[in-house]
$ cat coords.tsv   # TSV, C-alpha atoms
chain	number	residue	atom	x	y	z
A	244	MET	CA	-57.25	-39.60	101.35
A	245	ARG	CA	-57.51	-43.38	101.49
A	246	HIS	CA	-56.38	-43.61	97.88
A	247	THR	CA	-53.44	-41.35	98.51
A	248	LEU	CA	-52.39	-43.64	101.34
A	249	LEU	CA	-52.68	-46.71	99.13
A	250	MET	CA	-50.68	-44.98	96.42
A	251	LEU	CA	-47.99	-44.08	98.91
A	252	LEU	CA	-47.88	-47.65	100.21
A	253	ALA	CA	-47.64	-49.01	96.68
A	254	LEU	CA	-44.86	-46.56	95.89
A	255	ALA	CA	-43.04	-47.44	99.09
A	256	GLY	CA	-43.48	-51.07	98.12
A	257	LEU	CA	-41.83	-50.43	94.78
A	258	VAL	CA	-38.95	-48.68	96.48
A	259	GLY	CA	-38.62	-51.64	98.82
A	260	CYS	CA	-38.64	-54.14	96.00
A	261	SER	CA	-36.03	-52.19	94.09
A	262	ASP	CA	-33.38	-53.57	96.43
A	263	PRO	CA	-32.77	-57.13	95.30
A	264	GLY	CA	-30.11	-57.80	97.92
A	265	TRP	CA	-32.33	-59.02	100.74
A	266	ARG	CA	-32.95	-62.75	100.94
A	267	THR	CA	-35.93	-62.58	103.30
A	268	LYS	CA	-38.96	-60.39	102.59
A	269	ASP	CA	-38.18	-56.69	102.34
A	270	ILE	CA	-40.97	-54.68	103.98
A	271	SER	CA	-39.23	-51.31	104.15
A	272	GLY	CA	-41.77	-48.52	103.73
A	273	LEU	CA	-44.67	-50.94	104.15
A	274	MET	CA	-44.72	-51.05	107.93
A	275	PRO	CA	-44.30	-48.22	110.44
A	276	PRO	CA	-41.21	-47.78	112.63
A	277	LEU	CA	-41.03	-49.74	115.86
A	278	ALA	CA	-43.08	-48.08	118.60
A	279	PHE	CA	-44.59	-49.54	121.76
A	280	GLU	CA	-44.97	-49.13	125.47
A	281	LEU	CA	-44.71	-52.51	127.19
A	282	VAL	CA	-43.54	-54.08	130.44
A	283	ASN	CA	-40.14	-55.80	130.45
A	284	GLU	CA	-38.85	-58.84	132.37
A	285	ASN	CA	-38.06	-56.65	135.36
A	286	GLY	CA	-41.60	-55.34	135.54
A	287	LYS	CA	-40.53	-51.92	134.23
A	288	THR	CA	-42.32	-50.01	131.50
A	289	VAL	CA	-40.17	-49.69	128.38
A	290	SER	CA	-40.67	-48.07	125.02
A	291	ALA	CA	-39.14	-48.93	121.65
A	292	GLU	CA	-36.66	-46.07	122.06
A	293	ALA	CA	-34.84	-48.19	124.66
A	294	TYR	CA	-33.67	-50.41	121.79
A	295	ARG	CA	-32.62	-47.74	119.32
A	296	GLY	CA	-29.06	-48.34	118.19
A	297	GLN	CA	-29.59	-52.09	118.14
A	298	VAL	CA	-31.00	-54.20	115.35
A	299	THR	CA	-34.26	-55.58	116.74
A	300	LEU	CA	-36.35	-58.60	115.85
A	301	LEU	CA	-39.98	-58.59	116.94
A	302	TYR	CA	-41.91	-61.81	117.51
A	303	PHE	CA	-45.32	-62.38	119.09
A	304	GLY	CA	-45.97	-65.56	121.06
A	305	PHE	CA	-46.61	-67.04	124.52
A	306	THR	CA	-44.53	-69.20	126.84
A	307	HIS	CA	-47.09	-72.03	127.16
A	308	CYS	CA	-46.61	-72.61	123.43
A	309	PRO	CA	-44.90	-76.02	123.19
A	310	ASP	CA	-44.23	-76.18	119.47
A	311	VAL	CA	-44.21	-73.12	117.21
A	312	CYS	CA	-42.74	-70.43	119.52
A	313	PRO	CA	-39.71	-72.36	120.81
A	314	THR	CA	-39.06	-73.64	117.29
A	315	THR	CA	-38.92	-70.08	115.92
A	316	LEU	CA	-36.86	-68.80	118.85
A	317	ALA	CA	-34.43	-71.74	118.54
A	318	GLN	CA	-34.01	-70.93	114.83
A	319	LEU	CA	-33.29	-67.28	115.67
A	320	ALA	CA	-30.84	-68.34	118.40
A	321	ALA	CA	-29.04	-70.58	115.92
A	322	ALA	CA	-28.87	-67.74	113.36
A	323	ALA	CA	-27.61	-65.32	116.02
A	324	ASN	CA	-24.93	-67.81	117.06
A	325	GLU	CA	-23.56	-67.73	113.53
A	326	LEU	CA	-23.13	-63.96	113.70
A	327	GLY	CA	-20.29	-64.03	116.22
A	328	GLU	CA	-20.22	-62.81	119.79
A	329	GLU	CA	-19.40	-59.17	119.17
A	330	THR	CA	-22.41	-58.62	116.93
A	331	GLN	CA	-24.75	-60.52	119.24
A	332	ASP	CA	-24.59	-57.57	121.63
A	333	GLU	CA	-26.02	-55.38	118.91
A	334	LEU	CA	-28.98	-57.62	118.23
A	335	ARG	CA	-32.10	-57.87	120.38
A	336	VAL	CA	-34.88	-60.39	119.90
A	337	LEU	CA	-38.03	-58.92	121.43
A	338	PHE	CA	-40.38	-61.73	122.41
A	339	VAL	CA	-43.74	-60.05	123.00
A	340	SER	CA	-46.09	-62.32	124.92
A	341	VAL	CA	-49.71	-61.90	123.89
A	342	ASP	CA	-50.69	-63.97	126.94
A	343	PRO	CA	-50.11	-61.55	129.85
A	344	ALA	CA	-52.47	-63.55	132.11
A	345	ARG	CA	-49.89	-66.37	132.33
A	346	ASP	CA	-46.69	-64.58	131.35
A	347	ASP	CA	-45.56	-62.48	134.26
A	348	PRO	CA	-42.10	-60.86	134.18
A	349	GLU	CA	-40.49	-63.77	136.06
A	350	THR	CA	-41.86	-66.42	133.70
A	351	LEU	CA	-40.75	-64.33	130.73
A	352	HIS	CA	-37.28	-63.90	132.23
A	353	ASP	CA	-36.77	-67.64	132.76
A	354	TYR	CA	-38.11	-68.33	129.30
A	355	THR	CA	-35.98	-65.89	127.32
A	356	THR	CA	-32.86	-66.76	129.33
A	357	ALA	CA	-33.17	-70.32	128.00
A	358	PHE	CA	-32.70	-69.01	124.44
A	359	GLY	CA	-29.83	-66.59	124.94
A	360	PRO	CA	-28.73	-63.20	126.24
A	361	GLU	CA	-30.06	-61.38	123.17
A	362	PHE	CA	-33.64	-62.47	123.92
A	363	VAL	CA	-35.85	-59.98	125.77
A	364	GLY	CA	-39.33	-60.75	127.11
A	365	LEU	CA	-41.99	-58.07	126.92
A	366	THR	CA	-45.72	-57.98	127.49
A	367	GLY	CA	-48.46	-55.51	128.32
A	368	ASP	CA	-52.16	-55.06	128.89
A	369	ARG	CA	-54.70	-55.68	126.16
A	370	ALA	CA	-54.63	-52.05	125.03
A	371	ALA	CA	-50.83	-52.03	124.62
A	372	LEU	CA	-50.82	-55.42	122.86
A	373	ASP	CA	-53.71	-54.43	120.61
A	374	ALA	CA	-51.94	-51.21	119.63
A	375	LEU	CA	-48.74	-53.04	118.72
A	376	THR	CA	-50.34	-55.97	116.87
A	377	ARG	CA	-52.61	-53.63	114.90
A	378	ARG	CA	-49.60	-51.50	114.02
A	379	TYR	CA	-48.08	-54.50	112.24
A	380	HIS	CA	-51.37	-55.90	110.91
A	381	VAL	CA	-51.16	-59.12	112.88
A	382	THR	CA	-53.72	-60.79	115.12
A	383	TYR	CA	-53.82	-62.85	118.27
A	384	GLY	CA	-56.61	-64.63	120.13
A	385	TYR	CA	-57.44	-67.08	122.86
A	386	GLY	CA	-58.84	-70.60	122.53
A	387	ASP	CA	-61.34	-72.19	124.92
A	388	LYS	CA	-60.06	-73.36	128.29
A	389	ASP	CA	-59.89	-77.10	128.88
A	390	ALA	CA	-60.86	-78.84	132.15
A	391	GLU	CA	-57.52	-77.89	133.70
A	392	GLY	CA	-57.75	-74.25	132.58
A	393	ASN	CA	-55.21	-74.53	129.78
A	394	TYR	CA	-55.82	-72.74	126.52
A	395	ASP	CA	-54.15	-72.16	123.18
A	396	VAL	CA	-53.20	-68.70	122.00
A	397	SER	CA	-53.09	-67.91	118.30
A	398	HIS	CA	-50.32	-65.53	117.27
A	399	SER	CA	-48.50	-64.36	114.15
A	400	SER	CA	-45.80	-66.74	113.01
A	401	ALA	CA	-43.42	-64.32	111.26
A	402	VAL	CA	-40.60	-62.23	112.72
A	403	PHE	CA	-40.27	-58.51	111.95
A	404	ALA	CA	-36.75	-57.08	111.68
A	405	PHE	CA	-35.97	-53.41	112.31
A	406	THR	CA	-32.89	-51.32	111.59
A	407	ARG	CA	-30.91	-49.64	114.36
A	408	ASP	CA	-33.06	-46.55	113.73
A	409	GLY	CA	-36.20	-48.57	114.37
A	410	GLU	CA	-37.31	-48.62	110.73
A	411	ALA	CA	-39.14	-51.76	109.58
A	412	GLN	CA	-36.93	-53.64	107.12
A	413	LEU	CA	-37.68	-57.36	106.87
A	414	LEU	CA	-40.26	-60.03	107.47
A	415	ILE	CA	-38.58	-63.34	108.31
A	416	ARG	CA	-40.72	-66.43	107.89
A	417	GLU	CA	-40.44	-70.01	109.06
A	418	SER	CA	-39.77	-71.08	105.48
A	419	ASP	CA	-36.70	-68.83	105.15
A	420	PRO	CA	-33.54	-70.95	105.21
A	421	ARG	CA	-31.03	-70.19	107.96
A	422	PRO	CA	-28.27	-68.89	105.61
A	423	ALA	CA	-30.72	-66.33	104.21
A	424	VAL	CA	-31.63	-65.15	107.70
A	425	VAL	CA	-27.96	-64.99	108.76
A	426	ASP	CA	-27.02	-63.02	105.61
A	427	ASP	CA	-29.80	-60.50	106.11
A	428	LEU	CA	-29.05	-60.04	109.81
A	429	GLN	CA	-25.39	-59.51	108.99
A	430	ARG	CA	-26.36	-56.90	106.48
A	431	LEU	CA	-28.66	-55.13	108.93
A	432	LEU	CA	-25.97	-55.19	111.60
A	433	ALA	CA	-23.32	-53.88	109.21
A	434	ARG	CA	-25.25	-50.64	108.84
A	435	GLY	CA	-23.84	-48.11	111.30
B	78	MET	CA	-52.64	-119.42	148.15
B	79	GLN	CA	-50.08	-116.57	148.12
B	80	TRP	CA	-47.97	-118.62	145.75
B	81	PHE	CA	-50.93	-119.21	143.50
B	82	LYS	CA	-51.87	-115.51	143.49
B	83	ARG	CA	-48.37	-114.46	142.60
B	84	HIS	CA	-48.21	-116.87	139.71
B	85	LEU	CA	-51.64	-115.90	138.55
B	86	MET	CA	-50.46	-112.26	138.52
B	87	TRP	CA	-47.41	-113.16	136.47
B	88	GLY	CA	-49.62	-115.03	134.09
B	89	LEU	CA	-51.92	-112.04	133.71
B	90	THR	CA	-48.97	-109.71	133.21
B	91	ALA	CA	-47.70	-111.92	130.42
B	92	TRP	CA	-51.11	-111.74	128.77
B	93	LEU	CA	-51.10	-107.95	128.99
B	94	TRP	CA	-47.77	-107.85	127.23
B	95	LEU	CA	-48.98	-109.90	124.28
B	96	PRO	CA	-50.81	-107.06	122.45
B	97	LEU	CA	-47.74	-104.89	122.96
B	98	ALA	CA	-45.60	-107.43	121.19
B	99	GLY	CA	-48.03	-107.29	118.26
B	100	ALA	CA	-47.92	-103.50	117.98
B	101	ALA	CA	-44.19	-103.28	118.61
B	102	ALA	CA	-43.49	-105.70	115.81
B	103	GLU	CA	-45.38	-103.60	113.28
B	104	LEU	CA	-44.51	-100.09	114.43
B	105	ALA	CA	-41.12	-98.43	114.38
B	106	VAL	CA	-40.17	-95.14	116.03
B	107	ASP	CA	-37.05	-93.12	115.20
B	108	ASN	CA	-35.58	-89.89	116.45
B	109	ALA	CA	-37.80	-89.53	119.52
B	110	HIS	CA	-36.89	-86.38	121.42
B	111	LEU	CA	-38.53	-84.17	123.97
B	112	ARG	CA	-37.74	-80.46	123.90
B	113	LEU	CA	-37.73	-79.09	127.40
B	114	LEU	CA	-38.78	-75.55	128.34
B	115	PRO	CA	-37.96	-73.80	131.64
B	116	GLY	CA	-39.99	-74.32	134.79
B	117	GLU	CA	-43.46	-75.80	134.47
B	118	LEU	CA	-43.93	-74.82	130.84
B	119	PRO	CA	-45.21	-77.60	128.60
B	120	ALA	CA	-42.64	-79.50	126.54
B	121	ALA	CA	-42.98	-80.82	122.99
B	122	GLY	CA	-42.30	-84.38	121.87
B	123	TYR	CA	-41.25	-85.23	118.33
B	124	PHE	CA	-40.60	-88.55	116.57
B	125	ASP	CA	-40.98	-90.44	113.32
B	126	LEU	CA	-43.52	-93.24	113.39
B	127	ARG	CA	-43.68	-95.97	110.76
B	128	ASN	CA	-46.24	-98.68	110.28
B	129	THR	CA	-44.17	-101.57	108.95
B	130	GLY	CA	-47.03	-104.07	109.10
B	131	ASP	CA	-49.84	-104.87	106.71
B	132	THR	CA	-52.72	-103.70	108.89
B	133	ARG	CA	-53.57	-100.16	109.86
B	134	HIS	CA	-52.77	-98.79	113.31
B	135	VAL	CA	-54.51	-95.91	115.01
B	136	LEU	CA	-52.56	-93.78	117.48
B	137	VAL	CA	-54.87	-92.37	120.13
B	138	GLY	CA	-52.50	-90.81	122.63
B	139	ALA	CA	-49.49	-91.20	124.88
B	140	LYS	CA	-48.62	-91.47	128.54
B	141	SER	CA	-45.47	-90.93	130.55
B	142	ALA	CA	-44.74	-91.44	134.24
B	143	ALA	CA	-42.59	-88.31	134.03
B	144	PHE	CA	-45.62	-86.09	133.27
B	145	GLU	CA	-49.15	-85.75	134.57
B	146	ARG	CA	-50.63	-85.46	131.12
B	147	VAL	CA	-49.64	-85.92	127.51
B	148	VAL	CA	-51.80	-84.48	124.73
B	149	MET	CA	-51.60	-85.04	120.99
B	150	HIS	CA	-51.57	-81.76	119.05
B	151	GLU	CA	-51.38	-80.40	115.56
B	152	SER	CA	-50.00	-76.93	114.86
B	153	SER	CA	-51.10	-75.11	111.76
B	154	GLU	CA	-50.69	-71.74	110.12
B	155	ASN	CA	-53.47	-69.79	108.51
B	156	ASN	CA	-52.82	-66.41	106.87
B	157	GLY	CA	-49.67	-65.93	108.90
B	158	THR	CA	-51.33	-66.84	112.20
B	159	ALA	CA	-50.16	-69.94	114.09
B	160	SER	CA	-52.45	-72.00	116.29
B	161	MET	CA	-52.79	-75.57	117.47
B	162	LYS	CA	-55.56	-77.99	118.08
B	163	ARG	CA	-55.98	-81.24	119.95
B	164	MET	CA	-55.94	-84.46	117.94
B	165	LYS	CA	-58.06	-87.39	119.00
B	166	GLN	CA	-56.40	-89.95	116.80
B	167	LEU	CA	-54.10	-90.51	113.88
B	168	THR	CA	-54.43	-93.45	111.51
B	169	LEU	CA	-51.38	-95.03	109.92
B	170	ALA	CA	-52.08	-97.12	106.84
B	171	PRO	CA	-49.85	-100.15	106.19
B	172	GLY	CA	-46.41	-98.87	105.21
B	173	GLU	CA	-47.24	-95.28	106.14
B	174	ARG	CA	-44.73	-93.03	107.86
B	175	VAL	CA	-45.82	-90.01	109.90
B	176	ARG	CA	-43.53	-87.33	111.27
B	177	PHE	CA	-44.20	-85.58	114.53
B	178	ALA	CA	-42.09	-82.50	113.84
B	179	PRO	CA	-41.96	-78.75	114.64
B	180	GLY	CA	-44.87	-76.83	113.14
B	181	GLY	CA	-47.07	-79.91	112.75
B	182	TYR	CA	-47.95	-82.96	114.82
B	183	HIS	CA	-46.43	-83.02	118.29
B	184	LEU	CA	-47.00	-84.39	121.75
B	185	MET	CA	-47.49	-81.80	124.49
B	186	PHE	CA	-46.08	-82.96	127.83
B	187	MET	CA	-47.63	-81.17	130.80
B	188	GLU	CA	-46.74	-80.95	134.49
B	189	ARG	CA	-43.56	-82.83	135.27
B	190	THR	CA	-43.80	-85.38	138.05
B	191	ARG	CA	-40.03	-85.37	138.57
B	192	PRO	CA	-37.15	-83.10	137.60
B	193	LEU	CA	-35.93	-83.62	134.05
B	194	GLU	CA	-32.71	-82.33	132.56
B	195	VAL	CA	-31.24	-82.04	129.12
B	196	GLY	CA	-29.52	-85.33	128.34
B	197	ASP	CA	-31.98	-87.41	130.39
B	198	GLU	CA	-34.19	-90.06	128.89
B	199	ALA	CA	-37.94	-90.09	129.36
B	200	SER	CA	-40.02	-93.24	128.96
B	201	VAL	CA	-43.20	-92.66	126.98
B	202	THR	CA	-45.87	-95.17	125.97
B	203	LEU	CA	-47.64	-94.55	122.68
B	204	GLU	CA	-51.21	-95.79	122.87
B	205	PHE	CA	-53.09	-97.31	119.96
B	206	VAL	CA	-56.63	-98.61	119.56
B	207	ASP	CA	-57.27	-102.19	120.68
B	208	GLU	CA	-55.17	-101.55	123.78
B	209	GLN	CA	-51.93	-101.79	121.86
B	210	ARG	CA	-48.99	-100.10	123.54
B	211	LEU	CA	-45.61	-99.08	122.21
B	212	PRO	CA	-42.91	-98.07	124.71
B	213	VAL	CA	-40.55	-95.40	123.37
B	214	THR	CA	-37.54	-93.72	124.98
B	215	PHE	CA	-37.38	-89.97	124.29
B	216	ARG	CA	-34.08	-88.17	124.75
B	217	VAL	CA	-34.47	-84.82	126.47
B	218	VAL	CA	-33.08	-81.90	124.44
B	219	SER	CA	-32.64	-78.19	125.21
B	220	PRO	CA	-35.01	-75.35	124.24
B	221	THR	CA	-32.54	-74.24	121.56
B	222	PHE	CA	-32.32	-77.67	119.95
B	223	THR	CA	-32.82	-77.53	116.19
B	224	GLN	CA	-32.75	-80.37	113.77
B	225	GLU	CA	-31.13	-79.75	110.42
B	226	GLU	CA	-32.95	-81.37	107.56

$ encode --input "coords.tsv" --output "structure tokens"
Amino acid sequence: MRHTLLMLLALAGLVGCSDPGWRTKDISGLMPPLAFELVNENGKTVSAEAYRGQVTLLYFGFTHCPDVCPTTLAQLAAAANELGEETQDELRVLFVSVDPARDDPETLHDYTTAFGPEFVGLTGDRAALDALTRRYHVTYGYGDKDAEGNYDVSHSSAVFAFTRDGEAQLLIRESDPRPAVVDDLQRLLARG
Amino acid sequence: MQWFKRHLMWGLTAWLWLPLAGAAAELAVDNAHLRLLPGELPAAGYFDLRNTGDTRHVLVGAKSAAFERVVMHESSENNGTASMKRMKQLTLAPGERVRFAPGGYHLMFMERTRPLEVGDEASVTLEFVDEQRLPVTFRVVSPTFTQEE
């Protein structure tokens, strides 16, 4: 059974690689469709279905992250700005906080608003976050608290991109140049 | 007596400024900016630091009246996972240039003591061993600020 699964993944990988058009990493067939049950910025429970019909980007982080998270989100905001206003409505950047202890809906709302209207803050309890991070084979963890109670949170650095149908398509990394990201997003958005 | 005290104070102040002059002459900072985040979230400080002298200098931290605490950090990525750790010090050899830039070295500014807005300037003092101090003005930039290489 395990071997069959590996074979299928390898085959799916080959299919994915057969499309040379993508400029960021094509992960189609390698990762499952977007699925989660999380809490949004309004404190309401939402599932991935709420974002079907839009191209979605998925990024894990935390708001008390001074360096890496805002850098990645600012890069995505800059890429989104190059897409034009009409397409921005069809793109959602899902910022999933893996630090629910500090990131309540209000904090998440203020945070994502600073990056743009296409940014959506989500979080959940450990079970919901574990389910979603395991689904995409990424990890997160908490550092020791300092004297003032502050702590670092480790999180995955890449951004997953999904089609309007919620299928996993791309893995966008920090090293990907902006034109490559813009091209790939345009291509994802161009699909009906 | 008051007169004497005042002049003694000025004299002492002048002495305190002497080490600063030494450090300032041998250290150059460019492109200092502080990227603000909403509310009380910690901000990041970035800059280029050059040792233009012929002795080494060791950066041990920073202070700013605009924040309760400033911590030196280094971000790193390991197998696709990002994390950061506190740095105690950073040595600059003669002629060495070090970049505090996204994804690597940065200052973390915590707990604002006064409101700060994009476009403001924040005074920061870089602290080196041997009590050397380097005052630097950071311009405050927005969360979406990106720097093109």

$ atom_distance --input "coords.tsv" --atom1 "atom CA of B:Asp131" --atom2 "atom CA of B:His150"
26.3 Å

$ interface_residues --input "coords.tsv" --of "chain A" --to "chain B" --cutoff "6 Å" --atoms "all atoms listed in the file" --output "PyMOL selection string"
chain A and resi 307+309-311+317+354+358+397-400

$ closest_residue --input "coords.tsv" --among "A:Glu284, A:Glu325, A:Asp408, A:Asp389" --to "A:Val425" --atoms "only C-alpha atoms"
A:Glu325

$ closest_residue --input "coords.tsv" --among "A:Arg369, A:Phe405, A:Tyr394, A:Val282" --to "A:Asp347" --atoms "all atoms listed in the file"
A:Val282

$ residues_near_point --input "coords.tsv" --point "(-39.1, -70.1, 108.2)" --cutoff "9 Å" --atoms "all atoms listed in the file" --output "JSON, numbers by chain"
{"A": [315, 318, 400, 401, 415, 416, 417, 418, 419, 420, 421, 424]}

$ build_atoms --input "coords.tsv" --residues "stretch 122-154 of chain B" --atoms "N, CA and C atoms" --output "PDB file, in the frame of the given file"
ATOM      1  N   GLY B 122     -42.931 -83.118 122.236  1.00  0.00           N
ATOM      2  CA  GLY B 122     -42.300 -84.380 121.870  1.00  0.00           C
ATOM      3  C   GLY B 122     -42.418 -84.617 120.379  1.00  0.00           C
ATOM      4  N   TYR B 123     -41.292 -84.998 119.776  1.00  0.00           N
ATOM      5  CA  TYR B 123     -41.250 -85.230 118.330  1.00  0.00           C
ATOM      6  C   TYR B 123     -40.675 -86.613 118.041  1.00  0.00           C
ATOM      7  N   PHE B 124     -41.107 -87.231 116.963  1.00  0.00           N
ATOM      8  CA  PHE B 124     -40.600 -88.550 116.570  1.00  0.00           C
ATOM      9  C   PHE B 124     -41.116 -88.897 115.180  1.00  0.00           C
ATOM     10  N   ASP B 125     -40.488 -89.888 114.588  1.00  0.00           N
ATOM     11  CA  ASP B 125     -40.980 -90.440 113.320  1.00  0.00           C
ATOM     12  C   ASP B 125     -41.614 -91.783 113.638  1.00  0.00           C
ATOM     13  N   LEU B 126     -42.800 -91.993 113.124  1.00  0.00           N
ATOM     14  CA  LEU B 126     -43.520 -93.240 113.390  1.00  0.00           C
ATOM     15  C   LEU B 126     -43.831 -93.942 112.067  1.00  0.00           C
ATOM     16  N   ARG B 127     -43.442 -95.203 111.984  1.00  0.00           N
ATOM     17  CA  ARG B 127     -43.680 -95.970 110.760  1.00  0.00           C
ATOM     18  C   ARG B 127     -44.500 -97.206 111.053  1.00  0.00           C
ATOM     19  N   ASN B 128     -45.463 -97.444 110.204  1.00  0.00           N
ATOM     20  CA  ASN B 128     -46.240 -98.680 110.280  1.00  0.00           C
ATOM     21  C   ASN B 128     -45.605 -99.655 109.294  1.00  0.00           C
ATOM     22  N   THR B 129     -44.885-100.627 109.822  1.00  0.00           N
ATOM     23  CA  THR B 129     -44.170-101.570 108.950  1.00  0.00           C
ATOM     24  C   THR B 129     -44.996-102.823 108.669  1.00  0.00           C
ATOM     25  N   GLY B 130     -46.200-102.882 109.264  1.00  0.00           N
ATOM     26  CA  GLY B 130     -47.030-104.070 109.100  1.00  0.00           C
ATOM     27  C   GLY B 130     -47.969-103.970 107.916  1.00  0.00           C
ATOM     28  N   ASP B 131     -48.892-104.923 107.821  1.00  0.00           N
ATOM     29  CA  ASP B 131     -49.840-104.870 106.710  1.00  0.00           C
ATOM     30  C   ASP B 131     -51.272-104.653 107.185  1.00  0.00           C
ATOM     31  N   THR B 132     -51.402-104.145 108.435  1.00  0.00           N
ATOM     32  CA  THR B 132     -52.720-103.700 108.890  1.00  0.00           C
ATOM     33  C   THR B 132     -52.567-102.254 109.368  1.00  0.00           C
ATOM     34  N   ARG B 133     -53.679-101.547 109.429  1.00  0.00           N
ATOM     35  CA  ARG B 133     -53.570-100.160 109.860  1.00  0.00           C
ATOM     36  C   ARG B 133     -53.475-100.093 111.389  1.00  0.00           C
ATOM     37  N   HIS B 134     -52.851 -99.027 111.872  1.00  0.00           N
ATOM     38  CA  HIS B 134     -52.770 -98.790 113.310  1.00  0.00           C
ATOM     39  C   HIS B 134     -53.240 -97.370 113.581  1.00  0.00           C
ATOM     40  N   VAL B 135     -53.958 -97.225 114.692  1.00  0.00           N
ATOM     41  CA  VAL B 135     -54.510 -95.910 115.010  1.00  0.00           C
ATOM     42  C   VAL B 135     -53.946 -95.429 116.351  1.00  0.00           C
ATOM     43  N   LEU B 136     -53.147 -94.383 116.274  1.00  0.00           N
ATOM     44  CA  LEU B 136     -52.560 -93.780 117.480  1.00  0.00           C
ATOM     45  C   LEU B 136     -53.616 -92.911 118.147  1.00  0.00           C
ATOM     46  N   VAL B 137     -53.836 -93.145 119.439  1.00  0.00           N
ATOM     47  CA  VAL B 137     -54.870 -92.370 120.130  1.00  0.00           C
ATOM     48  C   VAL B 137     -54.330 -91.506 121.264  1.00  0.00           C
ATOM     49  N   GLY B 138     -53.054 -91.651 121.576  1.00  0.00           N
ATOM     50  CA  GLY B 138     -52.500 -90.810 122.630  1.00  0.00           C
ATOM     51  C   GLY B 138     -51.196 -91.357 123.155  1.00  0.00           C
ATOM     52  N   ALA B 139     -50.746 -90.776 124.265  1.00  0.00           N
ATOM     53  CA  ALA B 139     -49.490 -91.200 124.880  1.00  0.00           C
ATOM     54  C   ALA B 139     -49.549 -90.925 126.375  1.00  0.00           C
ATOM     55  N   LYS B 140     -48.725 -91.666 127.094  1.00  0.00           N
ATOM     56  CA  LYS B 140     -48.620 -91.470 128.540  1.00  0.00           C
ATOM     57  C   LYS B 140     -47.157 -91.526 128.927  1.00  0.00           C
ATOM     58  N   SER B 141     -46.820 -90.846 130.033  1.00  0.00           N
ATOM     59  CA  SER B 141     -45.470 -90.930 130.550  1.00  0.00           C
ATOM     60  C   SER B 141     -45.512 -90.746 132.063  1.00  0.00           C
ATOM     61  N   ALA B 142     -44.771 -91.575 132.773  1.00  0.00           N
ATOM     62  CA  ALA B 142     -44.740 -91.440 134.240  1.00  0.00           C
ATOM     63  C   ALA B 142     -44.056 -90.136 134.645  1.00  0.00           C
ATOM     64  N   ALA B 143     -43.305 -89.540 133.717  1.00  0.00           N
ATOM     65  CA  ALA B 143     -42.590 -88.310 134.030  1.00  0.00           C
ATOM     66  C   ALA B 143     -43.478 -87.062 133.957  1.00  0.00           C
ATOM     67  N   PHE B 144     -44.697 -87.229 133.424  1.00  0.00           N
ATOM     68  CA  PHE B 144     -45.620 -86.090 133.270  1.00  0.00           C
ATOM     69  C   PHE B 144     -47.034 -86.479 133.683  1.00  0.00           C
ATOM     70  N   GLU B 145     -47.759 -85.493 134.191  1.00  0.00           N
ATOM     71  CA  GLU B 145     -49.150 -85.750 134.570  1.00  0.00           C
ATOM     72  C   GLU B 145     -50.011 -86.050 133.350  1.00  0.00           C
ATOM     73  N   ARG B 146     -49.776 -85.294 132.294  1.00  0.00           N
ATOM     74  CA  ARG B 146     -50.630 -85.460 131.120  1.00  0.00           C
ATOM     75  C   ARG B 146     -49.836 -85.297 129.832  1.00  0.00           C
ATOM     76  N   VAL B 147     -50.233 -86.062 128.836  1.00  0.00           N
ATOM     77  CA  VAL B 147     -49.640 -85.920 127.510  1.00  0.00           C
ATOM     78  C   VAL B 147     -50.786 -85.775 126.513  1.00  0.00           C
ATOM     79  N   VAL B 148     -50.714 -84.759 125.676  1.00  0.00           N
ATOM     80  CA  VAL B 148     -51.800 -84.480 124.730  1.00  0.00           C
ATOM     81  C   VAL B 148     -51.237 -84.474 123.314  1.00  0.00           C
ATOM     82  N   MET B 149     -51.999 -85.041 122.397  1.00  0.00           N
ATOM     83  CA  MET B 149     -51.600 -85.040 120.990  1.00  0.00           C
ATOM     84  C   MET B 149     -52.116 -83.768 120.325  1.00  0.00           C
ATOM     85  N   HIS B 150     -51.226 -83.054 119.636  1.00  0.00           N
ATOM     86  CA  HIS B 150     -51.570 -81.760 119.050  1.00  0.00           C
ATOM     87  C   HIS B 150     -51.161 -81.665 117.595  1.00  0.00           C
ATOM     88  N   GLU B 151     -51.831 -80.761 116.901  1.00  0.00           N
ATOM     89  CA  GLU B 151     -51.380 -80.400 115.560  1.00  0.00           C
ATOM     90  C   GLU B 151     -51.319 -78.884 115.455  1.00  0.00           C
ATOM     91  N   SER B 152     -50.139 -78.368 115.107  1.00  0.00           N
ATOM     92  CA  SER B 152     -50.000 -76.930 114.860  1.00  0.00           C
ATOM     93  C   SER B 152     -50.340 -76.665 113.409  1.00  0.00           C
ATOM     94  N   SER B 153     -50.873 -75.480 113.156  1.00  0.00           N
ATOM     95  CA  SER B 153     -51.100 -75.110 111.760  1.00  0.00           C
ATOM     96  C   SER B 153     -50.961 -73.600 111.629  1.00  0.00           C
ATOM     97  N   GLU B 154     -50.807 -73.164 110.385  1.00  0.00           N
ATOM     98  CA  GLU B 154     -50.690 -71.740 110.120  1.00  0.00           C
ATOM     99  C   GLU B 154     -51.730 -71.348 109.098  1.00  0.00           C
TER     100      GLU B 154
END
